[in-house]
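Inspection log for the structure reproduced underneath, given as structure tokens.
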Amino acid sequence: MIRIGEYQKHFGEVPSVVAVSPGRVNLIGEHIDYLDGFVMPIAIDRNLVIEAAPTEDGSFEIVPVQVGFGGPAKFGKDEIHRREAKEDRWMNYLLGVISGYREAGFEVPGFRAVIHADLPAGAGLSASAALETATALVIEALGDTKLGVVERALLCQRAEHEYAGVPCGIMDQLAVGAGKAGQALLLDCRDYSLRHFPLPEELAVLVTDTGVKHALADGEYRKRRENCESAMDLLGVDSLRGVSLETVEAGRSLLGETLFRRARHAVTEMERVTRFATALEAGDLNTLGRILREGHESLRDDYEVSCPELDCLVEAGYAFGSESGHIGTRMTGGGFGGSTISLVRREASAALQAHLVDSFAERFGTKPYAFITSAVDGASIHTVE
């Protein structure tokens, strides 16, 4: 349930617009959106909400309420620049979007806003892309501008690159913007074409947040991308898309072990997305489960972006067993913490949720936040009468 009313609590009046932006989980296709790959995310029913109204002097006032960002911020229309102080860096996602619209020649009216969410930040569920997209929708609504979903996603992606310092692919912003209820999104990250695949009605999606907060801007995410770019240079290709596993294996001595494993993850993950889409269309649940496990093992061993907490949840999922309704589990998102995603038969979802929480608590002494979710429509704007 999306709540509103936070703006009125803080400013004593109703907002002009409300932007509702979902998080996302990626079913398959991790760390290949920046390598021209295919990915298959869904938008989920956990949202970030911005309630906003224009200011008369063009200034900005932002009040985050329990969203895991930072404290309130005020800045003038001439103070749109990247923030370097650690406590202010969360603002770069918002500032980058404001700057992007300005650079594109669009009017960006000043506004004051309250941001709140039931989408946890730092959990690998794309809270950053949700914030960017919601900000973009507020700017468009207040400035009477309208971009297409792909154009908006590309602008938000540039904001993350240039202001937040995260060289992300396009998946998160497009998943947040182009999600469709009950369906997974097959996205071609080379040409941005989209295709939706209905999810089997008997399946539920279970997300389990380890509570380990990742920080993708700390350099490790960038290193993985640079590793793949170095591998491409050595292999003499301009993209790993279409490169066979045999080609990567033949270049193993040239690449060295680290670059070989990074490239092996990329080419096998691209192949896994194709297999996953085929299995999803056929309703082949056993194959879906195998692919999810293969994907996690590749992220753990070849890409080295997992962590003990994520691995614990994955192993607990498969220990629960297919005979009990478990289909598959893997880490989702950029890694280094964050969440796992599990596909499970709907009638077994509560039992699996309890099993994962208990297994994690037994090993690490804390209970992770787990919730059952579903695929929902993408971000939207609502005017307030």
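If you're wondering about the labels, chains in the structure tokens are A, B, ... by order shown, residues count from 1 in each chain, ligands from 1 in order shown.
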
If we count only C-alpha atoms and set the cut-off at 8 Å, which residues sit around Leu259 in chain A, ignoring sequence neighbours fewer than 6 positions away in its own chain? Please answer as a PyMOL selection string. chain A and resi 227-228+230-231

Backbone DSSP call of strand (DSSP E) for range 100-247 of chain A, listed as a list in words: Phe111, Arg112, Ala113, Val114, Ile115, His116, Ala117, Gln183, Ala184, Leu185, Leu186, Leu187, Asp188, Leu194, Arg195, His196, Phe197, Pro198, Leu203, Ala204, Val205, Leu206, Val207, Thr208 and Asp209 of chain A

Take the selection from the previous step and output its residues with C-alpha atoms, as a PDB file, in the first residue's frame.
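Final output, selection.pdb:
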ATOM      1  CA  PHE A 111      10.430  22.459  -5.852  1.00  0.00           C
ATOM      2  CA  ARG A 112      10.223  21.292  -2.309  1.00  0.00           C
ATOM      3  CA  ALA A 113       9.650  17.636  -1.725  1.00  0.00           C
ATOM      4  CA  VAL A 114       9.328  14.898   0.835  1.00  0.00           C
ATOM      5  CA  ILE A 115      10.832  11.512  -0.081  1.00  0.00           C
ATOM      6  CA  HIS A 116       9.636   8.368   1.668  1.00  0.00           C
ATOM      7  CA  ALA A 117       9.704   4.678   0.828  1.00  0.00           C
ATOM      8  CA  GLN A 183       5.388  -9.899 -16.313  1.00  0.00           C
ATOM      9  CA  ALA A 184       9.155 -10.030 -16.538  1.00  0.00           C
ATOM     10  CA  LEU A 185      10.922  -7.576 -18.804  1.00  0.00           C
ATOM     11  CA  LEU A 186      13.418  -8.928 -21.347  1.00  0.00           C
ATOM     12  CA  LEU A 187      15.613  -5.949 -22.139  1.00  0.00           C
ATOM     13  CA  ASP A 188      18.224  -5.767 -24.875  1.00  0.00           C
ATOM     14  CA  LEU A 194      11.781  -4.485 -24.698  1.00  0.00           C
ATOM     15  CA  ARG A 195       9.722  -7.640 -24.568  1.00  0.00           C
ATOM     16  CA  HIS A 196       7.490  -8.788 -21.726  1.00  0.00           C
ATOM     17  CA  PHE A 197       7.119 -12.411 -20.579  1.00  0.00           C
ATOM     18  CA  PRO A 198       4.187 -13.421 -18.343  1.00  0.00           C
ATOM     19  CA  LEU A 203       5.035 -18.695  -8.729  1.00  0.00           C
ATOM     20  CA  ALA A 204       5.741 -16.091  -6.062  1.00  0.00           C
ATOM     21  CA  VAL A 205       8.864 -13.956  -5.801  1.00  0.00           C
ATOM     22  CA  LEU A 206      10.597 -13.845  -2.422  1.00  0.00           C
ATOM     23  CA  VAL A 207      13.221 -11.170  -1.719  1.00  0.00           C
ATOM     24  CA  THR A 208      15.548 -11.512   1.284  1.00  0.00           C
ATOM     25  CA  ASP A 209      17.720  -8.548   2.259  1.00  0.00           C
TER      26      ASP A 209
END

Could you pull the residues within 6 Å of range 73-78 of chain A, counting only C-alpha atoms, minus those fewer than 6 positions along the same chain, as a compact mmCIF listing (two decimals) with C-alpha atoms, in the first residue's frame?
# COMPACT_ATOMS: atom_id res chain seq x y z
CA GLY A 58 13.14 28.45 -7.95
CA SER A 59 14.96 27.02 -4.94
CA PHE A 60 14.91 23.38 -3.81
CA GLU A 61 14.11 21.86 -0.43
CA ILE A 62 14.29 18.09 0.00

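Among the candidate residues A:Leu352, A:Ala164, A:Pro308, A:Tyr303, the one lying nearest to Glu323 in chain A is A:Leu352, with distances computed using only C-alpha atoms.
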
Which neighbours of Ile98 in chain A fall inside 8 Å, counting only C-alpha atoms, when residues of the same chain fewer than 4 positions from it are skipped, and could you give them as a ChimeraX atom specification? /A:80,94,102,108,135-136,139
